[in-house]
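The structure file work.tsv is reproduced below (TSV, C-alpha atoms).
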```
chain	number	residue	atom	x	y	z
A	1	MET	CA	92.44	83.55	109.21
A	2	VAL	CA	92.07	86.14	106.51
A	3	LEU	CA	94.24	89.25	106.89
A	4	ASP	CA	93.22	92.46	105.18
A	5	SER	CA	95.56	94.90	103.43
A	6	GLY	CA	96.97	98.18	104.74
A	7	THR	CA	99.78	99.31	106.99
A	8	THR	CA	98.16	98.26	110.26
A	9	CYS	CA	97.43	94.78	108.90
A	10	LEU	CA	101.02	94.57	107.64
A	11	GLU	CA	102.15	95.07	111.24
A	12	VAL	CA	99.80	92.25	112.27
A	13	ALA	CA	101.41	90.06	109.58
A	14	ARG	CA	104.84	90.75	111.04
A	15	GLU	CA	103.58	89.56	114.44
A	16	LEU	CA	101.97	86.45	112.95
A	17	GLU	CA	105.20	85.41	111.23
A	18	ARG	CA	106.39	83.73	114.44
A	19	ARG	CA	103.18	81.75	115.07
A	20	ARG	CA	101.69	78.54	113.81
A	21	VAL	CA	98.84	79.86	111.72
A	22	THR	CA	97.10	79.43	108.38
A	23	VAL	CA	96.51	82.84	106.86
A	24	ALA	CA	95.14	84.27	103.62
A	25	PRO	CA	96.71	87.72	103.29
A	26	LEU	CA	94.96	90.24	101.05
A	27	SER	CA	98.14	92.17	100.28
A	28	LEU	CA	101.32	91.13	98.50
A	29	HIS	CA	103.27	93.07	101.15
A	30	ALA	CA	101.75	90.81	103.82
A	31	VAL	CA	102.41	87.70	101.70
A	32	ASN	CA	106.06	88.74	101.58
A	33	ALA	CA	106.18	89.42	105.34
A	34	LEU	CA	104.67	86.02	106.14
A	35	ALA	CA	106.55	83.94	103.56
A	36	ALA	CA	109.61	83.42	105.78
A	37	GLY	CA	107.55	82.24	108.76
A	38	PRO	CA	108.55	78.61	109.29
A	39	ARG	CA	105.20	77.71	110.89
A	40	VAL	CA	102.96	79.84	108.66
A	41	THR	CA	100.76	78.19	106.05
A	42	LEU	CA	99.94	80.73	103.35
A	43	LEU	CA	96.80	80.69	101.24
A	44	VAL	CA	97.21	83.35	98.56
A	45	PRO	CA	93.94	84.48	96.98
A	46	GLY	CA	93.79	85.55	93.37
A	47	GLY	CA	93.11	89.06	92.22
A	48	ARG	CA	94.66	92.19	90.85
A	49	PRO	CA	97.22	93.98	93.04
A	50	ARG	CA	96.43	97.68	93.42
A	51	PRO	CA	99.55	99.78	92.67
A	52	GLY	CA	101.48	100.98	95.73
A	53	GLU	CA	99.63	99.18	98.51
A	54	LEU	CA	99.61	95.90	96.52
A	55	ALA	CA	96.21	95.05	97.99
A	56	LEU	CA	94.43	92.29	96.09
A	57	THR	CA	91.16	93.47	94.56
A	58	GLY	CA	88.53	92.50	92.05
A	59	PRO	CA	86.26	89.57	91.33
A	60	LEU	CA	89.02	86.94	91.58
A	61	THR	CA	89.80	88.06	95.11
A	62	GLU	CA	86.13	88.06	96.06
A	63	ALA	CA	85.61	84.59	94.52
A	64	SER	CA	88.66	83.22	96.36
A	65	LEU	CA	87.27	84.48	99.65
A	66	ALA	CA	83.79	83.15	98.94
A	67	ALA	CA	85.25	79.66	98.44
A	68	LEU	CA	86.81	79.57	101.92
A	69	ARG	CA	85.72	79.79	105.57
A	70	PHE	CA	87.86	81.40	108.23
A	71	ASP	CA	87.77	81.45	112.02
A	72	THR	CA	88.83	85.10	112.06
A	73	ALA	CA	88.97	88.06	109.70
A	74	ILE	CA	91.37	90.81	110.68
A	75	ILE	CA	90.18	93.90	108.85
A	76	GLY	CA	91.81	97.28	108.47
A	77	CYS	CA	89.77	100.37	107.83
A	78	CYS	CA	89.94	103.92	106.59
A	79	GLY	CA	87.27	105.02	109.02
A	80	LEU	CA	85.28	103.51	111.87
A	81	THR	CA	82.58	105.07	113.98
A	82	ALA	CA	79.67	103.60	115.89
A	83	ALA	CA	77.26	105.68	113.80
A	84	ASP	CA	78.69	105.06	110.31
A	85	GLY	CA	80.33	101.66	110.80
A	86	LEU	CA	83.47	100.49	109.09
A	87	THR	CA	84.28	102.39	105.90
A	88	ALA	CA	86.91	102.37	103.13
A	89	HIS	CA	88.17	104.98	100.67
A	90	ASP	CA	87.68	102.74	97.65
A	91	LEU	CA	84.62	100.80	96.43
A	92	ASP	CA	86.71	97.80	95.31
A	93	ASP	CA	88.46	97.67	98.70
A	94	ALA	CA	85.09	97.82	100.45
A	95	ALA	CA	83.83	94.87	98.37
A	96	VAL	CA	86.88	92.75	99.28
A	97	LYS	CA	86.48	93.63	102.98
A	98	ARG	CA	82.80	92.57	102.84
A	99	ALA	CA	83.78	89.29	101.17
A	100	ALA	CA	86.40	88.60	103.86
A	101	ILE	CA	83.92	89.41	106.63
A	102	SER	CA	81.25	87.17	105.06
A	103	SER	CA	83.69	84.25	105.07
A	104	ALA	CA	84.64	84.54	108.75
A	105	ARG	CA	83.01	83.58	112.03
A	106	ARG	CA	84.72	86.37	113.97
A	107	VAL	CA	85.67	89.86	112.79
A	108	VAL	CA	88.40	91.97	114.40
A	109	ALA	CA	89.02	95.48	113.12
A	110	VAL	CA	92.48	96.95	113.64
A	111	ALA	CA	92.81	100.71	113.46
A	112	GLU	CA	94.97	103.50	114.69
A	113	ALA	CA	93.12	105.92	116.97
A	114	ALA	CA	92.76	108.64	114.32
A	115	LYS	CA	90.58	106.36	112.20
A	116	LEU	CA	87.99	106.07	115.00
A	117	VAL	CA	86.77	109.57	114.28
A	118	ARG	CA	86.66	109.32	110.47
A	119	THR	CA	84.13	108.18	107.94
A	120	ALA	CA	85.35	107.28	104.45
A	121	LEU	CA	83.36	107.09	101.20
A	122	ALA	CA	82.50	103.40	100.92
A	123	PHE	CA	80.40	101.64	103.56
A	124	VAL	CA	81.62	98.15	104.48
A	125	VAL	CA	79.60	96.94	107.50
A	126	PRO	CA	77.88	98.42	110.55
A	127	ALA	CA	79.92	98.56	113.75
A	128	SER	CA	77.65	95.89	115.24
A	129	ALA	CA	79.06	93.38	112.69
A	130	LEU	CA	82.44	93.59	114.43
A	131	HIS	CA	83.30	91.37	117.36
A	132	ALA	CA	86.30	93.42	118.45
A	133	VAL	CA	88.35	96.50	117.66
A	134	VAL	CA	92.04	96.73	118.49
A	135	THR	CA	93.40	100.25	118.56
A	136	ASP	CA	96.08	102.28	120.29
A	137	ALA	CA	95.94	103.79	123.77
A	138	THR	CA	95.16	107.28	122.45
A	139	ALA	CA	91.80	106.26	120.99
A	140	PRO	CA	89.06	108.71	121.98
A	141	GLY	CA	87.10	107.40	124.95
A	142	ASP	CA	83.77	108.76	123.76
A	143	GLU	CA	83.95	106.85	120.46
A	144	THR	CA	85.26	103.66	122.05
A	145	ASP	CA	82.37	103.89	124.53
A	146	ARG	CA	79.90	104.18	121.63
A	147	LEU	CA	81.49	101.16	119.93
A	148	ALA	CA	81.23	99.19	123.17
A	149	ALA	CA	77.57	100.20	123.46
A	150	ALA	CA	77.08	98.73	119.96
A	151	GLY	CA	78.33	95.39	121.29
A	152	VAL	CA	81.94	95.65	120.11
A	153	THR	CA	84.78	94.67	122.45
A	154	VAL	CA	87.38	97.46	122.33
A	155	ARG	CA	90.97	96.74	123.22
A	156	LYS	CA	93.51	99.54	123.47
A	157	VAL	CA	97.13	98.42	123.16
```
Please express the file's structure as structure tokens.
Amino acid sequence: MVLDSGTTCLEVARELERRRVTVAPLSLHAVNALAAGPRVTLLVPGGRPRPGELALTGPLTEASLAALRFDTAIIGCCGLTAADGLTAHDLDDAAVKRAAISSARRVVAVAEAAKLVRTALAFVVPASALHAVVTDATAPGDETDRLAAAGVTVRKV
């Protein structure tokens, strides 16, 4: 699987640490979280770490993703609505997310409830490109209903 950057995806990495999984994390924070997992096989893509978040970006990251195929892409977002799709604050981040999505058979977006009512600057993919969204129990029912109507499975945890 390919695992996107961001705080929500970092929490996913911490859960994956105990599983037998092959994962390509797109953040050095997630690489660090997964490195101690005794059953985790890490594939670390190239790229330039963005200061602070340490998300891998740029053409090396995109080329690394294009060379691989994944069963699942777990993608974080800055905004997600049925009308505007999945969006990011940064154009480089959006390009990496698109590359990860293009390399995967299944796409799962993970987002806190507040992001389901936001639209950020950079378009990534339409909501219909997602297979599932995992969010928290406080996610607004009207937006989760619209996502479901677009063919996305919504799971509140």
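Distances here use all atoms listed in the file; by that measure, the residue among A:Arg105, A:Ala113, A:Arg14, A:Ala120 closest to Pro140 (chain A) is A:Ala113.
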Residues near Leu60 (chain A), cut-off 10 Å, all atoms listed in the file, skip fewer than 4 positions along chain, as a ChimeraX atom specification: /A:45-48,56,64-66,96
Residue with smallest distance to Asp84 (chain A) - pool A:Leu68, A:Leu147, A:Val107, A:Val44, counting only C-alpha atoms: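 Result for the nearest residue to Asp84 (chain A): A:Leu147.
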Can you tell me which residues surround Met1 (chain A) at a distance of at most 12 Å, considering all atoms listed in the file, apart from same-chain residues fewer than 2 positions away, and format the answer as a PDB file with C-alpha atoms, keeping the file's coordinate frame?
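out_34.pdb written:
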```
ATOM      1  CA  LEU A   3      94.240  89.250 106.890  1.00  0.00           C
ATOM      2  CA  ASP A   4      93.220  92.460 105.180  1.00  0.00           C
ATOM      3  CA  VAL A  12      99.800  92.250 112.270  1.00  0.00           C
ATOM      4  CA  ALA A  13     101.410  90.060 109.580  1.00  0.00           C
ATOM      5  CA  LEU A  16     101.970  86.450 112.950  1.00  0.00           C
ATOM      6  CA  ARG A  20     101.690  78.540 113.810  1.00  0.00           C
ATOM      7  CA  VAL A  21      98.840  79.860 111.720  1.00  0.00           C
ATOM      8  CA  THR A  22      97.100  79.430 108.380  1.00  0.00           C
ATOM      9  CA  VAL A  23      96.510  82.840 106.860  1.00  0.00           C
ATOM     10  CA  ALA A  24      95.140  84.270 103.620  1.00  0.00           C
ATOM     11  CA  PRO A  25      96.710  87.720 103.290  1.00  0.00           C
ATOM     12  CA  LEU A  26      94.960  90.240 101.050  1.00  0.00           C
ATOM     13  CA  VAL A  40     102.960  79.840 108.660  1.00  0.00           C
ATOM     14  CA  THR A  41     100.760  78.190 106.050  1.00  0.00           C
ATOM     15  CA  LEU A  42      99.940  80.730 103.350  1.00  0.00           C
ATOM     16  CA  LEU A  43      96.800  80.690 101.240  1.00  0.00           C
ATOM     17  CA  VAL A  44      97.210  83.350  98.560  1.00  0.00           C
ATOM     18  CA  LEU A  65      87.270  84.480  99.650  1.00  0.00           C
ATOM     19  CA  LEU A  68      86.810  79.570 101.920  1.00  0.00           C
ATOM     20  CA  ARG A  69      85.720  79.790 105.570  1.00  0.00           C
ATOM     21  CA  PHE A  70      87.860  81.400 108.230  1.00  0.00           C
ATOM     22  CA  ASP A  71      87.770  81.450 112.020  1.00  0.00           C
ATOM     23  CA  THR A  72      88.830  85.100 112.060  1.00  0.00           C
ATOM     24  CA  ALA A  73      88.970  88.060 109.700  1.00  0.00           C
ATOM     25  CA  ILE A  74      91.370  90.810 110.680  1.00  0.00           C
ATOM     26  CA  ILE A  75      90.180  93.900 108.850  1.00  0.00           C
ATOM     27  CA  ALA A 100      86.400  88.600 103.860  1.00  0.00           C
ATOM     28  CA  ILE A 101      83.920  89.410 106.630  1.00  0.00           C
ATOM     29  CA  SER A 103      83.690  84.250 105.070  1.00  0.00           C
ATOM     30  CA  ALA A 104      84.640  84.540 108.750  1.00  0.00           C
ATOM     31  CA  ARG A 105      83.010  83.580 112.030  1.00  0.00           C
ATOM     32  CA  ARG A 106      84.720  86.370 113.970  1.00  0.00           C
ATOM     33  CA  VAL A 107      85.670  89.860 112.790  1.00  0.00           C
ATOM     34  CA  VAL A 108      88.400  91.970 114.400  1.00  0.00           C
TER      35      VAL A 108
END
```
Residue with smallest distance to Ala111 (chain A) - pool A:Thr7, A:Thr57, A:Ser128, A:Thr135, counting all atoms listed in the file: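 Using all atoms listed in the file, the shortest distance to Ala111 (chain A) belongs to A:Thr135.
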Length of the CA of Val133 (chain A) to CA of Glu62 (chain A) vector [Å]: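 Those two atoms sit 23.3 Å apart.
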Length of the CA of Thr138 (chain A) to CA of Val110 (chain A) vector [Å]: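 If I compute the distance from CA of Thr138 (chain A) to CA of Val110 (chain A), I get 13.8 Å.
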Residue neighbourhood Leu54 (chain A), 6 Å, only C-alpha atoms, exclusion window fewer than 2 positions, as a ChimeraX atom specification: /A:27-28,49-52
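For the pair CA of Asp142 (chain A) and CA of Lys156 (chain A), the interatomic distance is 13.4 Å.
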Residue contacts of Thr144 (chain A) (12 Å, only C-alpha atoms) excluding same-chain residues fewer than 6 positions away, as a ChimeraX atom specification: /A:80-83,111,113-117,127,132-138,150-156
Which of A:Ser5, A:Glu15, A:Ala148, A:Leu121 sits closest to His29 (chain A) [using all atoms listed in the file]: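 That would be A:Ser5, the residue with the smallest distance to His29 (chain A).
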First collect every listed atom of region 114-122 of chain A; then fit an axis-aligned box around them, widen it by 6 Å on each side, and give centre and edge lengths in Å to one decimal, as lines of an AutoDock Vina configuration file.
```
center_x = 87.6
center_y = 106.5
center_z = 108.0
size_x = 22.3
size_y = 18.2
size_z = 26.1
```
Spatial neighbours of Ala122 (chain A), max dist 6 Å, only C-alpha atoms, sep filter under 2 positions, as a PyMOL selection string: chain A and resi 87-89+91+120
My structure is short of atoms at region 101-121 of chain A; please model N, CA, C and O atoms there, returning them as a tab-separated table (two decimals), keeping the file's coordinate frame.
```
chain	number	residue	atom	x	y	z
A	101	ILE	N	84.78	89.44	105.44
A	101	ILE	CA	83.92	89.41	106.63
A	101	ILE	C	82.85	88.32	106.48
A	101	ILE	O	82.57	87.58	107.43
A	102	SER	N	82.29	88.19	105.29
A	102	SER	CA	81.25	87.17	105.06
A	102	SER	C	81.79	85.75	105.20
A	102	SER	O	81.02	84.82	105.46
A	103	SER	N	83.08	85.58	105.02
A	103	SER	CA	83.69	84.25	105.07
A	103	SER	C	84.23	83.89	106.45
A	103	SER	O	84.83	82.83	106.61
A	104	ALA	N	84.03	84.76	107.42
A	104	ALA	CA	84.64	84.54	108.75
A	104	ALA	C	83.58	84.47	109.84
A	104	ALA	O	82.54	85.12	109.76
A	105	ARG	N	83.90	83.67	110.86
A	105	ARG	CA	83.01	83.58	112.03
A	105	ARG	C	83.20	84.74	112.99
A	105	ARG	O	82.28	85.11	113.70
A	106	ARG	N	84.41	85.29	113.03
A	106	ARG	CA	84.72	86.37	113.97
A	106	ARG	C	85.44	87.47	113.20
A	106	ARG	O	86.30	87.18	112.36
A	107	VAL	N	85.10	88.72	113.50
A	107	VAL	CA	85.67	89.86	112.79
A	107	VAL	C	86.34	90.80	113.79
A	107	VAL	O	85.69	91.29	114.72
A	108	VAL	N	87.63	91.04	113.57
A	108	VAL	CA	88.40	91.97	114.40
A	108	VAL	C	88.89	93.10	113.51
A	108	VAL	O	89.60	92.85	112.52
A	109	ALA	N	88.51	94.31	113.84
A	109	ALA	CA	89.02	95.48	113.12
A	109	ALA	C	90.26	95.99	113.84
A	109	ALA	O	90.28	96.03	115.08
A	110	VAL	N	91.28	96.34	113.08
A	110	VAL	CA	92.48	96.95	113.64
A	110	VAL	C	92.60	98.34	113.05
A	110	VAL	O	92.50	98.52	111.84
A	111	ALA	N	92.79	99.33	113.94
A	111	ALA	CA	92.81	100.71	113.46
A	111	ALA	C	93.56	101.60	114.42
A	111	ALA	O	93.40	101.49	115.63
A	112	GLU	N	94.36	102.49	113.85
A	112	GLU	CA	94.97	103.50	114.69
A	112	GLU	C	93.88	104.44	115.19
A	112	GLU	O	92.81	104.56	114.58
A	113	ALA	N	94.13	105.10	116.30
A	113	ALA	CA	93.12	105.92	116.97
A	113	ALA	C	92.49	106.97	116.06
A	113	ALA	O	91.29	107.21	116.13
A	114	ALA	N	93.28	107.58	115.19
A	114	ALA	CA	92.76	108.64	114.32
A	114	ALA	C	91.64	108.15	113.41
A	114	ALA	O	90.77	108.94	113.01
A	115	LYS	N	91.61	106.88	113.10
A	115	LYS	CA	90.58	106.36	112.20
A	115	LYS	C	89.24	106.17	112.91
A	115	LYS	O	88.22	105.99	112.26
A	116	LEU	N	89.24	106.24	114.25
A	116	LEU	CA	87.99	106.07	115.00
A	116	LEU	C	87.15	107.33	115.04
A	116	LEU	O	86.11	107.34	115.69
A	117	VAL	N	87.57	108.35	114.37
A	117	VAL	CA	86.77	109.57	114.28
A	117	VAL	C	86.54	109.97	112.82
A	117	VAL	O	86.11	111.08	112.54
A	118	ARG	N	86.79	109.04	111.90
A	118	ARG	CA	86.66	109.32	110.47
A	118	ARG	C	85.59	108.43	109.85
A	118	ARG	O	85.35	107.32	110.28
A	119	THR	N	85.01	108.96	108.79
A	119	THR	CA	84.13	108.18	107.94
A	119	THR	C	84.64	108.35	106.51
A	119	THR	O	84.80	109.47	106.04
A	120	ALA	N	84.89	107.24	105.84
A	120	ALA	CA	85.35	107.28	104.45
A	120	ALA	C	84.16	107.08	103.52
A	120	ALA	O	83.03	106.86	103.96
A	121	LEU	N	84.40	107.11	102.23
A	121	LEU	CA	83.36	107.09	101.20
A	121	LEU	C	82.53	105.81	101.18
A	121	LEU	O	81.31	105.85	101.13
```
